[in-house]
Amino acid sequence: MSDVTITRLAAQGMITLKGDLTAATLATAVADVTGLDMVAAREIRRGDDRGLAWMAPDELLLLLPHAEVPSALAAIDSAMGDTPHLAADVSDARAVFRMSGDPRRILAKGTPADLRPSKFGPGEIRRTRLGQVAVAFWLTDEDAAELVCFTSVADFVADWLDNAAA
């Protein structure tokens, strides 16, 4: 039997925010919505019920309570003013899984990402593939990880994770 527990989490509010990550207006908008400072490349920061993840040189993923997404989008648009940006609710387009136990062992079976502790630790996010599916994952601590994928492939990812853990 596996030493990893895999759970599909309840719906998570998520906003994709694209723009100039060095813009002061963007950093202010992000801080207002999440209460978190800007992240660096491949970094994720979590608060009690909020998170901020670097996804690409021009893209962030904001995690927040699902019910707050509409007001957060309005706050971002207001704070950004005329600064070019794109903020979109992607909550229903994403599924989140939590792995507790030894998630590195499971993830290593299907991703090309270097998961050695010297190369990947808590507070870092990887946007990569698991099997043939696009995912992003991060360690919440050394014994737990969360993974985000498109909802359209969530059943496949759930089966893949269960099989890899078996």
# chains A, B, ... in the order shown; residues from 1 in each chain; ligands from 1
>>> residues_around(residues="A:Ala144", least_positions_apart="6", cutoff="7 Å", atoms="only C-alpha atoms", output="PyMOL selection string")
chain A and resi 99-103
>>> write_last_selection(atoms="N, CA, C and O atoms", output="PDB file, in the first residue's frame")
ATOM      1  N   MET A  99      -1.535  15.925  -2.224  1.00  0.00           N
ATOM      2  CA  MET A  99      -0.852  14.664  -1.953  1.00  0.00           C
ATOM      3  C   MET A  99      -0.116  14.814  -0.640  1.00  0.00           C
ATOM      4  O   MET A  99       0.647  15.766  -0.468  1.00  0.00           O
ATOM      5  N   SER A 100      -0.351  13.901   0.279  1.00  0.00           N
ATOM      6  CA  SER A 100       0.405  13.926   1.525  1.00  0.00           C
ATOM      7  C   SER A 100       1.073  12.582   1.716  1.00  0.00           C
ATOM      8  O   SER A 100       0.566  11.552   1.303  1.00  0.00           O
ATOM      9  N   GLY A 101       2.226  12.600   2.305  1.00  0.00           N
ATOM     10  CA  GLY A 101       3.055  11.406   2.463  1.00  0.00           C
ATOM     11  C   GLY A 101       4.396  11.654   1.810  1.00  0.00           C
ATOM     12  O   GLY A 101       5.205  12.407   2.330  1.00  0.00           O
ATOM     13  N   ASP A 102       4.620  11.056   0.658  1.00  0.00           N
ATOM     14  CA  ASP A 102       5.867  11.224  -0.089  1.00  0.00           C
ATOM     15  C   ASP A 102       5.549  11.652  -1.525  1.00  0.00           C
ATOM     16  O   ASP A 102       5.675  10.861  -2.465  1.00  0.00           O
ATOM     17  N   PRO A 103       5.118  12.900  -1.718  1.00  0.00           N
ATOM     18  CA  PRO A 103       4.684  13.313  -3.062  1.00  0.00           C
ATOM     19  C   PRO A 103       5.792  13.334  -4.102  1.00  0.00           C
ATOM     20  O   PRO A 103       5.523  13.128  -5.283  1.00  0.00           O
TER      21      PRO A 103
END
>>> select_by_dssp(residues="stretch 13-162 of chain A", states="strand (DSSP E)", output="VMD selection string")
chain A and resid 13 to 19 44 to 46 51 to 56 59 to 64 85 to 89 94 to 100 125 to 130 133 to 141 144 to 150
>>> select_by_dssp(residues="stretch 79-144 of chain A", states="alpha helix (DSSP H)", output="list in words")
Ala79, Met80, Pro103, Arg104, Arg105, Ile106 and Leu107 of chain A
>>> closest_residue(among="A:Lys109, A:His85, A:Arg46, A:Arg98", to="A:Leu64", atoms="only C-alpha atoms")
A:Arg46
>>> closest_atom_pairs(of="stretch 72-165 of chain A", to="stretch 2-20 of chain A", cutoff="9 Å", atoms="only C-alpha atoms", output="JSON lines")
{"residue": "A:Ala72", "atom": "CA", "partner": "A:Ile15", "partner_atom": "CA", "distance": 8.6}
{"residue": "A:Leu73", "atom": "CA", "partner": "A:Ile15", "partner_atom": "CA", "distance": 7.7}
{"residue": "A:Ile76", "atom": "CA", "partner": "A:Leu17", "partner_atom": "CA", "distance": 8.9}
{"residue": "A:Thr83", "atom": "CA", "partner": "A:Gly19", "partner_atom": "CA", "distance": 8.4}
{"residue": "A:Pro84", "atom": "CA", "partner": "A:Gly19", "partner_atom": "CA", "distance": 6.4}
{"residue": "A:His85", "atom": "CA", "partner": "A:Gly19", "partner_atom": "CA", "distance": 4.6}
{"residue": "A:Leu86", "atom": "CA", "partner": "A:Lys18", "partner_atom": "CA", "distance": 5.0}
{"residue": "A:Ala87", "atom": "CA", "partner": "A:Leu17", "partner_atom": "CA", "distance": 4.5}
{"residue": "A:Ala88", "atom": "CA", "partner": "A:Thr16", "partner_atom": "CA", "distance": 5.3}
{"residue": "A:Asp89", "atom": "CA", "partner": "A:Ile15", "partner_atom": "CA", "distance": 4.7}
{"residue": "A:Val90", "atom": "CA", "partner": "A:Met14", "partner_atom": "CA", "distance": 5.5}
{"residue": "A:Ser91", "atom": "CA", "partner": "A:Met14", "partner_atom": "CA", "distance": 4.6}
{"residue": "A:Asp92", "atom": "CA", "partner": "A:Ala11", "partner_atom": "CA", "distance": 7.5}
{"residue": "A:Arg94", "atom": "CA", "partner": "A:Met14", "partner_atom": "CA", "distance": 8.1}
{"residue": "A:Ala95", "atom": "CA", "partner": "A:Ala11", "partner_atom": "CA", "distance": 7.2}
{"residue": "A:Val96", "atom": "CA", "partner": "A:Leu9", "partner_atom": "CA", "distance": 5.6}
{"residue": "A:Phe97", "atom": "CA", "partner": "A:Arg8", "partner_atom": "CA", "distance": 4.4}
{"residue": "A:Arg98", "atom": "CA", "partner": "A:Thr7", "partner_atom": "CA", "distance": 5.2}
{"residue": "A:Met99", "atom": "CA", "partner": "A:Ile6", "partner_atom": "CA", "distance": 4.6}
{"residue": "A:Ser100", "atom": "CA", "partner": "A:Thr5", "partner_atom": "CA", "distance": 5.2}
{"residue": "A:Gly101", "atom": "CA", "partner": "A:Val4", "partner_atom": "CA", "distance": 4.3}
{"residue": "A:Asp102", "atom": "CA", "partner": "A:Val4", "partner_atom": "CA", "distance": 5.7}
{"residue": "A:Pro103", "atom": "CA", "partner": "A:Val4", "partner_atom": "CA", "distance": 6.6}
{"residue": "A:Ile106", "atom": "CA", "partner": "A:Val4", "partner_atom": "CA", "distance": 8.1}
{"residue": "A:Ala144", "atom": "CA", "partner": "A:Val4", "partner_atom": "CA", "distance": 8.8}
{"residue": "A:Ala154", "atom": "CA", "partner": "A:Arg8", "partner_atom": "CA", "distance": 8.9}
{"residue": "A:Ala158", "atom": "CA", "partner": "A:Arg8", "partner_atom": "CA", "distance": 7.7}
{"residue": "A:Leu161", "atom": "CA", "partner": "A:Ile6", "partner_atom": "CA", "distance": 7.3}
{"residue": "A:Asp162", "atom": "CA", "partner": "A:Ile6", "partner_atom": "CA", "distance": 7.2}
{"residue": "A:Ala165", "atom": "CA", "partner": "A:Ser2", "partner_atom": "CA", "distance": 5.5}
>>> closest_atom_pairs(of="stretch 47-116 of chain A", to="stretch 22-41 of chain A", cutoff="7 Å", atoms="only C-alpha atoms", output="tab-separated table")
residue	atom	partner	partner_atom	distance
A:Arg50	CA	A:Thr34	CA	5.8
A:Gly51	CA	A:Thr34	CA	6.6
A:Ala53	CA	A:Val39	CA	6.7
A:Trp54	CA	A:Ala41	CA	5.8
A:Ala72	CA	A:Val33	CA	5.9
A:Ile76	CA	A:Ala29	CA	5.3
A:Ala79	CA	A:Ala29	CA	5.4
A:Met80	CA	A:Thr25	CA	5.6
>>> residues_around(residues="A:Thr111", least_positions_apart="2", cutoff="10 Å", atoms="only C-alpha atoms", output="PyMOL selection string")
chain A and resi 106-109+113-115+126+128-135
>>> write_last_selection(atoms="C-alpha atoms", output="PDB file, in the first residue's frame")
ATOM      1  CA  ILE A 106       4.733   9.995  -7.049  1.00  0.00           C
ATOM      2  CA  LEU A 107       5.447  13.126  -9.092  1.00  0.00           C
ATOM      3  CA  ALA A 108       8.856  11.829 -10.186  1.00  0.00           C
ATOM      4  CA  LYS A 109       7.135   8.972 -12.018  1.00  0.00           C
ATOM      5  CA  ALA A 113      10.978  18.383 -13.483  1.00  0.00           C
ATOM      6  CA  ASP A 114      14.003  17.955 -11.223  1.00  0.00           C
ATOM      7  CA  LEU A 115      12.454  17.147  -7.841  1.00  0.00           C
ATOM      8  CA  ARG A 126       6.763  23.984 -11.223  1.00  0.00           C
ATOM      9  CA  THR A 128       5.296  21.219 -16.312  1.00  0.00           C
ATOM     10  CA  ARG A 129       3.743  17.975 -17.458  1.00  0.00           C
ATOM     11  CA  LEU A 130       2.592  14.940 -15.558  1.00  0.00           C
ATOM     12  CA  GLY A 131       2.368  12.118 -18.028  1.00  0.00           C
ATOM     13  CA  GLN A 132       1.120  13.970 -21.082  1.00  0.00           C
ATOM     14  CA  VAL A 133      -0.979  16.522 -19.170  1.00  0.00           C
ATOM     15  CA  ALA A 134      -0.148  20.140 -18.337  1.00  0.00           C
ATOM     16  CA  VAL A 135      -0.005  20.723 -14.569  1.00  0.00           C
TER      17      VAL A 135
END
>>> decode(residues="stretch 18-37 of chain A", atoms="N, CA and C atoms", output="tab-separated table (two decimals), in the first residue's frame")
chain	number	residue	atom	x	y	z
A	18	LYS	N	-2.26	38.46	-16.13
A	18	LYS	CA	-1.15	38.64	-17.06
A	18	LYS	C	-0.86	40.12	-17.19
A	19	GLY	N	0.43	40.44	-17.27
A	19	GLY	CA	0.86	41.82	-17.43
A	19	GLY	C	2.34	41.94	-17.12
A	20	ASP	N	2.80	43.15	-16.97
A	20	ASP	CA	4.19	43.43	-16.64
A	20	ASP	C	4.38	43.21	-15.15
A	21	LEU	N	5.03	42.11	-14.77
A	21	LEU	CA	5.19	41.77	-13.36
A	21	LEU	C	6.10	42.73	-12.60
A	22	THR	N	6.77	43.63	-13.32
A	22	THR	CA	7.60	44.63	-12.64
A	22	THR	C	6.84	45.94	-12.41
A	23	ALA	N	5.62	46.03	-12.91
A	23	ALA	CA	4.83	47.26	-12.78
A	23	ALA	C	4.36	47.43	-11.34
A	24	ALA	N	4.56	48.62	-10.80
A	24	ALA	CA	4.14	48.91	-9.43
A	24	ALA	C	2.63	48.76	-9.27
A	25	THR	N	1.87	49.14	-10.30
A	25	THR	CA	0.42	49.02	-10.20
A	25	THR	C	-0.02	47.56	-10.07
A	26	LEU	N	0.68	46.67	-10.76
A	26	LEU	CA	0.35	45.25	-10.67
A	26	LEU	C	0.69	44.72	-9.28
A	27	ALA	N	1.83	45.07	-8.75
A	27	ALA	CA	2.22	44.62	-7.41
A	27	ALA	C	1.23	45.12	-6.37
A	28	THR	N	0.77	46.35	-6.53
A	28	THR	CA	-0.21	46.91	-5.59
A	28	THR	C	-1.53	46.18	-5.69
A	29	ALA	N	-1.98	45.93	-6.92
A	29	ALA	CA	-3.24	45.20	-7.12
A	29	ALA	C	-3.18	43.81	-6.50
A	30	VAL	N	-2.07	43.13	-6.71
A	30	VAL	CA	-1.89	41.78	-6.16
A	30	VAL	C	-1.90	41.82	-4.63
A	31	ALA	N	-1.18	42.76	-4.06
A	31	ALA	CA	-1.13	42.87	-2.60
A	31	ALA	C	-2.50	43.20	-2.02
A	32	ASP	N	-3.25	44.07	-2.71
A	32	ASP	CA	-4.59	44.43	-2.23
A	32	ASP	C	-5.53	43.23	-2.21
A	33	VAL	N	-5.42	42.37	-3.21
A	33	VAL	CA	-6.32	41.23	-3.32
A	33	VAL	C	-5.87	40.04	-2.46
A	34	THR	N	-4.57	39.78	-2.42
A	34	THR	CA	-4.08	38.58	-1.72
A	34	THR	C	-3.48	38.86	-0.35
A	35	GLY	N	-3.05	40.11	-0.13
A	35	GLY	CA	-2.34	40.41	1.11
A	35	GLY	C	-0.91	39.91	1.08
A	36	LEU	N	-0.43	39.52	-0.10
A	36	LEU	CA	0.91	38.95	-0.24
A	36	LEU	C	1.77	39.82	-1.14
A	37	ASP	N	3.07	39.83	-0.85
A	37	ASP	CA	4.02	40.53	-1.70
A	37	ASP	C	4.24	39.76	-2.99
